[in-house]
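Next comes protein_0.txt, a file with compact mmCIF, C-alpha atoms.
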# COMPACT_ATOMS: atom_id res chain seq x y z
CA MET A 148 6.85 26.83 3.40
CA SER A 149 3.71 24.71 3.34
CA SER A 150 1.39 23.35 0.71
CA SER A 151 -2.25 22.35 0.93
CA ALA A 152 -3.09 18.70 0.55
CA ILE A 153 -3.07 17.24 -2.96
CA GLY A 154 -6.45 15.65 -2.32
CA PRO A 155 -8.68 14.14 0.39
CA HIS A 156 -6.38 11.14 0.47
CA ASP A 157 -3.30 13.18 1.37
CA LEU A 158 -3.47 12.46 5.07
CA ALA A 159 0.03 12.93 6.47
CA GLY A 160 -0.16 14.96 9.66
CA THR A 161 -3.88 15.68 9.33
CA LEU A 162 -5.39 13.56 12.11
CA THR A 163 -4.73 12.73 15.75
CA ASP A 164 -7.23 9.85 16.08
CA SER A 165 -6.18 6.74 17.93
CA ILE A 166 -5.53 3.69 15.77
CA ASN A 167 -7.94 0.76 16.01
CA THR A 168 -5.65 -2.26 15.97
CA LYS A 169 -8.41 -4.87 16.05
CA GLU A 170 -7.87 -7.77 13.65
CA ARG A 171 -10.60 -9.25 11.50
CA GLU A 172 -11.06 -11.27 8.37
CA LEU A 173 -12.47 -9.53 5.32
CA ASP A 174 -16.18 -9.94 4.75
CA PHE A 175 -17.14 -11.80 1.61
CA TRP A 176 -18.39 -8.64 -0.12
CA GLU A 177 -14.97 -7.07 0.43
CA LYS A 178 -13.13 -10.03 -1.05
CA ARG A 179 -15.48 -9.82 -4.02
CA ILE A 180 -14.55 -6.17 -4.68
CA ASP A 181 -10.87 -6.90 -4.20
CA ALA A 182 -11.09 -9.75 -6.69
CA LEU A 183 -13.07 -7.71 -9.21
CA TYR A 184 -10.44 -4.98 -9.19
CA LYS A 185 -7.67 -7.57 -9.64
CA LEU A 186 -9.43 -9.14 -12.60
CA LEU A 187 -10.43 -5.89 -14.29
CA SER A 188 -6.86 -4.63 -14.11
CA ASP A 189 -5.12 -7.87 -15.10
CA ASP A 190 -3.27 -8.34 -18.38
CA LYS A 191 -6.12 -10.29 -19.92
CA ARG A 192 -8.56 -7.43 -19.58
CA SER A 193 -6.64 -4.24 -18.77
CA HIS A 194 -9.93 -2.41 -18.44
CA ILE A 195 -8.49 -0.24 -15.71
CA ASN A 196 -5.01 0.50 -14.40
CA ILE A 197 -3.92 1.20 -10.83
CA HIS A 198 -3.39 4.89 -11.50
CA GLU A 199 -6.89 5.45 -12.88
CA PHE A 200 -8.22 3.47 -9.94
CA ARG A 201 -6.39 5.55 -7.34
CA TYR A 202 -7.49 8.73 -9.11
CA ALA A 203 -11.07 7.49 -9.13
CA ILE A 204 -10.92 6.91 -5.36
CA GLU A 205 -9.36 10.34 -4.78
CA SER A 206 -12.06 11.92 -6.94
CA LEU A 207 -14.80 10.64 -4.65
CA GLY A 208 -14.02 13.56 -2.38
CA VAL A 209 -13.78 14.10 1.34
CA GLU A 210 -17.27 12.71 2.02
CA ALA A 211 -16.12 9.32 0.83
CA TYR A 212 -13.69 9.18 3.72
CA THR A 213 -16.30 10.13 6.29
CA ASN A 214 -19.31 8.27 4.89
CA HIS A 215 -17.79 5.10 3.49
CA ASN A 216 -15.26 2.50 4.47
CA TYR A 217 -12.28 1.26 2.49
CA TYR A 218 -13.91 -1.26 0.20
CA GLU A 219 -17.02 0.87 -0.24
CA ARG A 220 -14.70 3.52 -1.67
CA TRP A 221 -13.25 0.84 -3.94
CA THR A 222 -16.76 -0.12 -5.02
CA LEU A 223 -17.75 3.45 -5.88
CA ALA A 224 -14.48 4.04 -7.71
CA LEU A 225 -14.90 0.87 -9.76
CA ARG A 226 -18.48 1.82 -10.54
CA ASN A 227 -17.49 5.30 -11.73
CA LEU A 228 -14.58 4.00 -13.79
CA LEU A 229 -16.64 1.30 -15.49
CA ILE A 230 -19.30 3.87 -16.37
CA ASP A 231 -16.73 6.39 -17.64
CA LYS A 232 -15.20 3.73 -19.84
CA ASN A 233 -18.60 2.57 -21.15
CA VAL A 234 -18.07 -0.93 -19.84
CA LEU A 235 -21.29 -0.67 -17.85
CA SER A 236 -23.95 1.99 -17.79
CA GLU A 237 -25.33 3.75 -14.74
CA LEU A 238 -28.82 2.62 -15.75
CA GLU A 239 -28.00 -1.05 -15.97
CA ILE A 240 -26.27 -0.97 -12.59
CA THR A 241 -29.30 0.65 -11.00
CA GLN A 242 -31.60 -1.82 -12.70
CA LYS A 243 -29.48 -4.77 -11.65
CA VAL A 244 -29.52 -3.69 -8.01
CA GLN A 245 -33.31 -3.46 -8.21
CA GLU A 246 -33.61 -6.82 -9.93
CA ILE A 247 -31.52 -8.57 -7.27
CA GLU A 248 -33.54 -6.92 -4.51
CA ASP A 249 -36.71 -8.22 -6.13
CA ARG A 250 -35.56 -11.85 -6.21
CA MET B 236 -32.48 -13.94 -21.82
CA PRO B 237 -32.08 -16.13 -18.74
CA LYS B 238 -30.71 -14.40 -15.68
CA PRO B 239 -27.66 -16.41 -14.53
CA ARG B 240 -27.59 -17.43 -10.93
CA ILE B 241 -23.98 -17.08 -9.90
CA ALA B 242 -22.61 -20.11 -8.16
CA LEU B 243 -19.39 -19.46 -6.30
CA THR B 244 -17.34 -21.74 -4.15
CA ASN B 245 -18.11 -19.66 -1.11
CA PRO B 246 -21.01 -21.09 0.89
CA HIS B 247 -22.50 -17.61 1.20
CA ASP B 248 -24.11 -17.18 -2.16
CA LEU B 249 -25.15 -13.77 -3.35
CA SER B 250 -28.79 -13.78 -2.34
CA ALA B 251 -27.96 -14.97 1.17
CA ASP B 252 -25.71 -12.04 1.99
CA PHE B 253 -27.46 -9.48 -0.18
CA LEU B 254 -30.11 -8.36 2.27
CA SER B 255 -27.55 -7.44 4.92
CA LEU B 256 -25.52 -5.24 2.58
CA THR B 257 -25.48 -1.46 2.50
CA PRO B 258 -26.56 0.31 -0.70
CA VAL B 259 -22.95 0.72 -1.82
CA GLN B 260 -22.16 -2.90 -1.11
CA LYS B 261 -25.16 -3.92 -3.19
CA ILE B 262 -23.67 -2.02 -6.11
CA GLY B 263 -20.69 -4.35 -5.83
CA VAL B 264 -22.95 -7.36 -6.27
CA ALA B 265 -24.63 -5.76 -9.25
CA ILE B 266 -21.29 -4.98 -10.87
CA GLN B 267 -20.19 -8.56 -10.39
CA GLU B 268 -23.31 -9.99 -12.01
CA LEU B 269 -23.20 -7.59 -14.92
CA LEU B 270 -19.53 -8.25 -15.64
CA ILE B 271 -20.21 -11.97 -15.67
CA GLU B 272 -23.32 -11.63 -17.83
CA LYS B 273 -21.33 -9.63 -20.34
CA GLY B 274 -18.57 -12.23 -20.42
CA ILE B 275 -15.95 -9.83 -19.11
CA ILE B 276 -15.31 -12.04 -16.11
CA ALA B 277 -15.96 -15.76 -15.81
CA PRO B 278 -17.45 -17.12 -12.56
CA ASP B 279 -14.57 -19.50 -12.01
CA GLU B 280 -12.05 -16.68 -12.49
CA LEU B 281 -13.82 -14.77 -9.74
CA SER B 282 -13.96 -17.80 -7.44
CA GLN B 283 -10.29 -18.44 -8.00
CA SER B 284 -9.39 -14.84 -7.32
CA ILE B 285 -11.38 -14.85 -4.09
CA ASN B 286 -9.79 -18.13 -3.04
CA LEU B 287 -6.34 -16.62 -3.59
CA ILE B 288 -7.26 -13.83 -1.21
CA ASP B 289 -8.16 -16.43 1.38
CA MET B 290 -4.86 -18.20 0.89
CA ILE B 291 -2.30 -15.44 1.21
CA THR B 292 -0.51 -15.14 4.53
CA PRO B 293 2.68 -13.54 5.85
CA ALA B 294 4.41 -16.94 5.65
CA GLN B 295 6.46 -16.05 2.57
CA GLY B 296 7.77 -12.90 4.17
CA SER B 297 8.59 -14.76 7.37
CA ARG B 298 10.51 -17.34 5.38
CA VAL B 299 12.61 -14.68 3.68
CA VAL B 300 13.42 -13.04 7.00
CA ALA B 301 14.39 -16.35 8.63
CA ARG B 302 16.68 -17.16 5.72
CA ALA B 303 18.33 -13.76 6.04
CA TRP B 304 18.85 -14.36 9.75
CA VAL B 305 20.70 -17.64 9.22
CA ASP B 306 22.58 -16.78 6.02
CA ALA B 307 24.55 -13.54 6.03
CA SER B 308 25.34 -13.58 2.32
CA PHE B 309 21.67 -14.14 1.48
CA LYS B 310 20.87 -11.17 3.68
CA GLU B 311 23.27 -8.98 1.71
CA ARG B 312 21.69 -10.09 -1.56
CA LEU B 313 18.23 -9.44 -0.10
CA LEU B 314 19.19 -5.90 0.85
CA THR B 315 20.75 -5.28 -2.57
CA ASP B 316 18.18 -6.89 -4.87
CA ALA B 317 15.19 -8.15 -2.96
CA VAL B 318 13.29 -9.55 -5.96
CA ALA B 319 16.24 -11.68 -7.08
CA ALA B 320 16.85 -12.89 -3.52
CA CYS B 321 13.20 -13.94 -3.16
CA LEU B 322 13.53 -15.94 -6.37
CA GLU B 323 16.41 -17.85 -4.76
CA VAL B 324 13.92 -19.16 -2.18
CA GLU B 325 11.32 -19.81 -4.85
CA ILE B 326 9.21 -16.75 -4.16
CA ASP B 327 8.39 -14.87 -7.35
CA ILE B 328 6.95 -11.49 -6.55
CA ARG B 329 7.41 -9.95 -9.98
CA PRO B 330 6.24 -7.47 -11.24
CA ILE B 331 6.40 -6.02 -7.72
CA HIS B 332 9.49 -3.93 -7.03
CA LEU B 333 10.56 -4.70 -3.48
CA ILE B 334 13.00 -2.99 -1.16
CA VAL B 335 13.92 -4.70 2.11
CA ILE B 336 15.04 -2.39 4.87
CA GLU B 337 17.16 -3.71 7.73
CA ASN B 338 16.59 -2.80 11.35
CA THR B 339 19.78 -2.36 13.36
CA SER B 340 20.62 -1.49 16.95
CA GLN B 341 20.74 2.17 15.86
CA ILE B 342 17.90 2.37 13.33
CA HIS B 343 14.31 1.16 13.45
CA ASN B 344 12.24 1.24 10.26
CA VAL B 345 8.49 1.54 9.79
CA ILE B 346 6.44 1.31 6.58
CA VAL B 347 3.38 3.33 5.61
CA CYS B 348 1.54 4.43 2.50
CA THR B 349 0.21 7.84 3.47
CA LEU B 350 -1.67 8.27 0.17
CA CYS B 351 -3.49 4.95 0.03
CA SER B 352 -2.47 1.47 1.26
CA CYS B 353 0.40 0.17 -0.88
CA TYR B 354 1.84 -2.97 0.62
CA PRO B 355 3.59 -6.19 -0.55
CA ARG B 356 0.67 -8.60 -0.19
CA MET B 357 2.50 -11.53 -1.69
CA LEU B 358 4.95 -11.46 1.19
CA LEU B 359 2.92 -10.06 4.06
CA GLY B 360 -0.59 -11.31 3.33
CA LEU B 361 -3.57 -8.97 3.39
CA PRO B 362 -2.99 -5.57 4.95
CA PRO B 363 -4.79 -5.16 8.28
CA ASP B 364 -7.49 -2.51 8.65
CA TRP B 365 -5.22 -0.34 10.75
CA TYR B 366 -2.54 -0.12 8.03
CA LYS B 367 -5.18 1.18 5.62
CA SER B 368 -6.74 3.50 8.21
CA SER B 369 -6.68 7.27 8.01
CA ALA B 370 -5.30 7.45 11.55
CA TYR B 371 -2.24 5.31 10.84
CA ARG B 372 -1.53 7.00 7.54
CA ALA B 373 -1.85 10.44 9.12
CA ARG B 374 0.16 9.80 12.27
CA VAL B 375 2.96 7.29 11.84
CA ILE B 376 4.77 9.51 9.34
CA HIS B 377 5.47 12.19 11.97
CA GLU B 378 4.96 10.50 15.36
CA PRO B 379 6.11 6.91 14.88
CA ARG B 380 7.35 6.53 18.44
CA THR B 381 3.90 7.25 19.89
CA VAL B 382 2.21 5.05 17.29
CA LEU B 383 4.56 2.16 18.06
CA GLN B 384 3.76 2.52 21.75
CA GLU B 385 0.08 2.03 20.86
CA PHE B 386 1.18 -1.32 19.42
CA GLY B 387 3.05 -2.11 22.62
CA THR B 388 6.46 -1.44 21.08
CA HIS B 389 8.84 0.71 23.09
CA LEU B 390 12.09 1.65 21.40
CA LYS B 391 15.19 2.80 23.25
CA GLY B 392 15.44 6.57 23.35
CA HIS B 393 18.58 6.75 21.21
CA THR B 394 17.13 4.62 18.40
CA GLN B 395 16.75 6.55 15.17
CA ILE B 396 13.40 5.99 13.50
CA THR B 397 13.09 6.01 9.73
CA VAL B 398 9.62 5.98 8.19
CA HIS B 399 9.29 4.81 4.59
CA ASP B 400 6.33 6.21 2.67
CA SER B 401 5.40 3.92 -0.22
CA THR B 402 4.39 6.74 -2.54
CA ALA B 403 5.14 5.26 -5.94
CA ASP B 404 6.22 1.97 -7.49
CA MET B 405 8.33 0.44 -4.71
CA ARG B 406 6.97 -1.83 -1.99
CA TYR B 407 8.70 -2.31 1.33
CA MET B 408 9.39 -4.96 3.93
CA VAL B 409 11.29 -4.52 7.17
CA LEU B 410 13.98 -7.05 8.05
CA PRO B 411 13.67 -7.15 11.85
CA ILE B 412 16.56 -7.84 14.20
CA ARG B 413 16.96 -11.49 15.08
CA PRO B 414 16.04 -11.93 18.75
CA VAL B 415 18.78 -12.96 21.15
CA ASN B 416 18.83 -16.52 22.54
CA THR B 417 17.74 -18.01 19.22
CA ASP B 418 21.04 -19.62 18.21
CA ASN B 419 19.65 -23.11 18.61
CA MET B 420 16.51 -22.50 16.60
CA LYS B 421 16.03 -23.99 13.17
CA GLU B 422 15.10 -21.79 10.22
CA ASP B 423 11.43 -22.76 10.23
CA GLU B 424 11.22 -22.11 13.97
CA LEU B 425 12.76 -18.68 13.41
CA ALA B 426 10.20 -17.96 10.71
CA GLU B 427 7.43 -18.47 13.25
CA LEU B 428 8.79 -15.57 15.29
CA VAL B 429 8.36 -13.19 12.36
CA THR B 430 4.87 -11.75 12.28
CA ARG B 431 3.35 -9.46 9.68
CA ASP B 432 3.54 -6.55 12.11
CA CYS B 433 7.29 -7.10 12.54
CA MET B 434 7.72 -6.81 8.79
CA ILE B 435 5.73 -3.57 8.71
CA GLY B 436 7.81 -2.32 11.62
CA VAL B 437 5.22 -1.70 14.34
CA LYS B 438 6.32 -4.74 16.34
CA ILE B 439 9.57 -6.47 17.24
CA PRO B 440 9.92 -10.27 17.09
CA GLN B 441 9.36 -11.89 20.47
CA LEU B 442 10.46 -15.25 21.82
CA PRO B 443 7.50 -17.28 23.09
CA SER B 444 8.86 -16.90 26.63
CA ASP B 445 8.66 -13.14 26.20
CA PHE B 446 4.89 -13.23 25.96
CA SER B 447 3.74 -12.18 29.40
CA ALA B 448 0.50 -13.59 30.69
CA VAL B 449 -2.23 -10.97 30.61
CA MET C 214 14.62 5.04 -25.29
CA ASN C 215 14.85 6.13 -21.66
CA ALA C 216 16.39 9.38 -20.58
CA ARG C 217 19.49 9.24 -18.41
CA PRO C 218 18.92 9.88 -14.70
CA LYS C 219 19.48 13.50 -13.84
CA PHE C 220 20.40 12.73 -10.23
CA THR C 221 22.55 10.25 -8.43
CA LYS C 222 22.85 8.97 -4.86
CA GLY C 223 23.96 11.73 -2.52
CA ASP C 224 22.73 14.63 -4.66
CA ARG C 225 20.97 17.38 -2.74
CA VAL C 226 17.56 18.09 -4.20
CA VAL C 227 14.48 20.15 -3.45
CA VAL C 228 10.92 19.02 -4.12
CA ARG C 229 9.32 21.46 -6.52
CA MET C 230 6.06 23.27 -5.90
CA LEU C 231 4.28 22.20 -9.05
CA ALA C 232 0.80 23.39 -9.94
CA PRO C 233 -1.99 21.11 -8.70
CA GLN C 234 -2.45 18.01 -10.82
CA PRO C 235 -5.56 15.81 -11.17
CA HIS C 236 -3.52 12.93 -9.78
CA THR C 237 -0.05 12.86 -8.32
CA ARG C 238 1.98 10.78 -5.91
CA THR C 239 3.93 13.61 -4.28
CA PRO C 240 2.15 14.44 -1.02
CA ALA C 241 1.98 18.01 0.25
CA TYR C 242 4.26 17.45 3.21
CA LEU C 243 7.17 17.15 0.77
CA HIS C 244 6.47 20.20 -1.39
CA GLY C 245 9.34 22.68 -1.33
CA LYS C 246 11.41 20.57 1.06
CA PRO C 247 15.11 19.77 0.67
CA GLY C 248 16.40 16.22 0.73
CA VAL C 249 19.11 13.90 -0.53
CA ILE C 250 18.87 11.23 -3.23
CA GLU C 251 19.01 7.84 -1.51
CA ARG C 252 18.89 5.77 -4.72
CA PHE C 253 17.70 5.70 -8.28
CA CYS C 254 14.78 3.30 -8.58
CA GLY C 255 14.32 2.99 -12.33
CA ALA C 256 11.99 4.12 -15.09
CA PHE C 257 8.23 3.81 -14.79
CA GLU C 258 5.08 4.90 -16.56
CA ASN C 259 4.11 8.39 -15.47
CA PRO C 260 1.22 7.84 -13.04
CA GLU C 261 -0.04 11.39 -13.43
CA GLU C 262 -0.64 10.71 -17.11
CA ARG C 263 -1.83 7.12 -16.79
CA ALA C 264 -4.47 8.26 -14.33
CA ILE C 265 -6.13 10.48 -16.93
CA GLY C 266 -6.10 8.15 -19.89
CA LYS C 267 -2.72 8.98 -21.39
CA SER C 268 -0.09 6.42 -22.25
CA GLY C 269 2.34 7.25 -19.46
CA PHE C 270 5.18 7.30 -21.99
CA PRO C 271 7.91 8.42 -22.18
CA LEU C 272 8.77 6.68 -18.95
CA THR C 273 9.53 8.89 -16.00
CA LEU C 274 12.45 8.31 -13.66
CA LEU C 275 11.91 7.51 -10.00
CA TYR C 276 14.16 8.14 -7.00
CA ARG C 277 14.06 7.47 -3.29
CA VAL C 278 14.76 10.67 -1.45
CA ARG C 279 15.77 11.01 2.18
CA PHE C 280 14.54 13.87 4.36
CA PHE C 281 15.13 14.96 7.92
CA GLY C 282 11.86 14.63 9.80
CA SER C 283 12.43 17.94 11.56
CA ILE C 284 12.48 19.73 8.20
CA LEU C 285 9.21 18.14 7.16
CA PHE C 286 7.22 18.35 10.37
CA SER C 287 8.49 20.98 12.74
CA ILE C 288 5.59 23.42 12.46
CA ASN C 289 2.33 22.73 14.32
CA LYS C 290 2.95 19.01 14.47
CA THR C 291 4.84 16.78 16.79
CA CYS C 292 7.93 15.37 15.17
CA GLU C 293 9.28 12.11 16.48
CA VAL C 294 10.61 10.85 13.18
CA ASP C 295 14.27 11.22 12.43
CA ILE C 296 14.33 10.31 8.77
CA VAL C 297 11.62 9.98 6.16
CA GLU C 298 12.34 8.19 2.90
CA VAL C 299 9.95 8.55 0.00
CA GLU C 300 9.79 7.86 -3.72
CA ILE C 301 9.58 10.91 -5.95
CA TYR C 302 9.50 11.21 -9.73
CA GLU C 303 12.23 13.21 -11.43
CA HIS C 304 10.03 16.03 -12.72
CA TRP C 305 9.19 16.87 -9.11
CA LEU C 306 12.84 17.38 -8.18
CA GLN C 307 15.36 20.11 -8.81
CA ARG C 308 18.94 20.37 -7.73
CA ASP C 309 19.41 22.14 -4.40
CA ASN C 310 22.13 24.70 -4.90
CA SER C 311 21.30 26.67 -1.80
CA HIS C 312 23.92 24.98 0.44
CA ALA C 313 21.65 25.93 3.33
CA LYS C 314 22.80 24.67 6.70
CA THR C 315 20.24 22.42 8.40
Would you put the structure from the file into structure tokens?
Amino acid sequence: MSSSAIGPHDLAGTLTDSINTKERELDFWEKRIDALYKLLSDDKRSHINIHEFRYAIESLGVEAYTNHNYYERWTLALRNLLIDKNVLSELEITQKVQEIEDR
Amino acid sequence: MPKPRIALTNPHDLSADFLSLTPVQKIGVAIQELLIEKGIIAPDELSQSINLIDMITPAQGSRVVARAWVDASFKERLLTDAVAACLEVEIDIRPIHLIVIENTSQIHNVIVCTLCSCYPRMLLGLPPDWYKSSAYRARVIHEPRTVLQEFGTHLKGHTQITVHDSTADMRYMVLPIRPVNTDNMKEDELAELVTRDCMIGVKIPQLPSDFSAV
Amino acid sequence: MNARPKFTKGDRVVVRMLAPQPHTRTPAYLHGKPGVIERFCGAFENPEERAIGKSGFPLTLLYRVRFFGSILFSINKTCEVDIVEVEIYEHWLQRDNSHAKT
């Protein structure tokens, strides 16, 4: 009896790739995303919870695993969640990216 | 309305690293600035949170393991109620629910989160890239012996391997076997033998003399 | 008020084949597989509901379940693992009355 994967994140038994065991420190942009998630989900704010966050990552689809790395998936998931919850709008995020590029 | 320039304690301020970022990474910067502008997050909260990331190491986990090695009754309490045992050594991991799994001469344990990357950061520090990787998550659950060999760990053929998949609310830490010839070592010296990878289960603690020159 | 645990350590259970959910923490390799309750872990908010904006209450009960690796991974995959232990929520489990020999 077998069952198809519950989502693109359901990886058990699906790959035979070798494991890259290289160590590195997180880049600053990664620490930033990690910290933002921590703060947004803390008791003071409770804007998001871990389950919504995981679901948001899973909802990015298979392409997110091939096209983006771990913290990029976190970034996209946070972005989508914050838009869904009307904390930020898609427009203001786009405009902010442009504004920072123009500095 | 003035556009705030975000000053963080990190020497790389936003504009310095911005140009080297990918489009998705730039979105992260934009989200940060917007959340601060809207007062949802304060700059010093963000700095503090980033600093905490920089500070966490596997030292707390190592300390717990070393204590369990020297104190058999502490070990039993650790295996029964890991959160309470950690509190005894002034490590408060609540609200994390922790289970400590003991390696024996018959059973070797390995931890994975096949669905994402769940992991007890307060005890083990940041998870390494490989723990979060698709390859590890896909493979260790069904071929742990081969995966461990890729880490240089060769288990005896008769050793039973148990893999723990952190699918829900529990987090896991392996209690490795205390190496032989360590009777004269003090607790803090023992702690230095316990690496993060030993507490995930892909490595076995080594005495310094065991490190062969490469 | 929490419900009483339906299962206890040593009970033989089978992971149910529930209809696909938006979000769940029971990976496919467990679906339909028989195992044994290793321990009761406590009561937690239902992640499947919390993920989609619901309260997650009433709390759902969580167990660690032990499986033989050969039952999980014998087909089309190498199997070097002897035992797999996983956390599964109660609504994913049913009592295994089959008494099937392994």
Counting all atoms listed in the file, what is within 12 Å of Thr339 (chain B), bar same-chain residues fewer than 3 positions away, as an mmCIF file with C-alpha atoms, keeping the file's coordinate frame?
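Printed below is out-v2.cif as written:
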data_model
loop_
_atom_site.group_PDB
_atom_site.id
_atom_site.type_symbol
_atom_site.label_atom_id
_atom_site.label_comp_id
_atom_site.auth_asym_id
_atom_site.auth_seq_id
_atom_site.Cartn_x
_atom_site.Cartn_y
_atom_site.Cartn_z
ATOM 1 C CA ILE B 336 15.040 -2.390 4.870
ATOM 2 C CA ILE B 342 17.900 2.370 13.330
ATOM 3 C CA HIS B 343 14.310 1.160 13.450
ATOM 4 C CA ASN B 344 12.240 1.240 10.260
ATOM 5 C CA LEU B 390 12.090 1.650 21.400
ATOM 6 C CA THR B 394 17.130 4.620 18.400
ATOM 7 C CA GLN B 395 16.750 6.550 15.170
ATOM 8 C CA ILE B 396 13.400 5.990 13.500
ATOM 9 C CA THR B 397 13.090 6.010 9.730
ATOM 10 C CA VAL B 409 11.290 -4.520 7.170
ATOM 11 C CA LEU B 410 13.980 -7.050 8.050
ATOM 12 C CA PRO B 411 13.670 -7.150 11.850
ATOM 13 C CA ILE B 412 16.560 -7.840 14.200
ATOM 14 C CA ARG B 413 16.960 -11.490 15.080
ATOM 15 C CA PRO B 414 16.040 -11.930 18.750
ATOM 16 C CA ILE B 439 9.570 -6.470 17.240
#
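Residue list for chain C within 7 Å of chain B: C:Arg238, C:Phe286, C:Thr291, C:Cys292, C:Glu293, C:Val294, C:Asp295, C:Ile296, C:Val297, C:Glu298, C:Val299, C:Glu300, counting only C-alpha atoms.
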Would you tabulate, counting all atoms listed in the file, all residues of chain B that have an atom at most 6 Å from an atom of chain A, showing the closest pair of atoms and their distance in Å to one decimal, sorted by chain then ascending number, as a tab-separated table?
residue	atom	partner	partner_atom	distance
B:Gly263	CA	A:Thr222	CA	5.8
B:Ala265	CA	A:Val244	CA	5.5
B:Ser284	CA	A:Ala182	CA	5.4
B:Ile285	CA	A:Ala182	CA	5.7
B:Thr349	CA	A:Ala159	CA	5.9
B:Leu350	CA	A:Asp157	CA	5.3
B:Trp365	CA	A:Thr168	CA	5.6
B:Ala370	CA	A:Asp164	CA	5.5
B:Ala373	CA	A:Ala159	CA	4.1
B:Arg374	CA	A:Gly160	CA	5.8
Per residue of chain C within 6 Å of chain A, record the nearest atom pair and its distance in Å to one decimal, counting all atoms listed in the file, with rows in chain order and ascending residue number, as CSV.
residue,atom,partner,partner_atom,distance
C:His236,CA,A:Tyr202,CA,5.8
C:Ala241,CA,A:Ala152,CA,5.1
C:Pro260,CA,A:His198,CA,5.7
C:Arg263,CA,A:His198,CA,5.9
C:Ala264,CA,A:Glu199,CA,4.0
Problem set entry | Point (-0.2, 7.1, -18.4) neighbourhood (8 Å, all atoms listed in the file) written as a VMD selection string | (chain A and resid 198) or (chain C and resid 258 to 270)
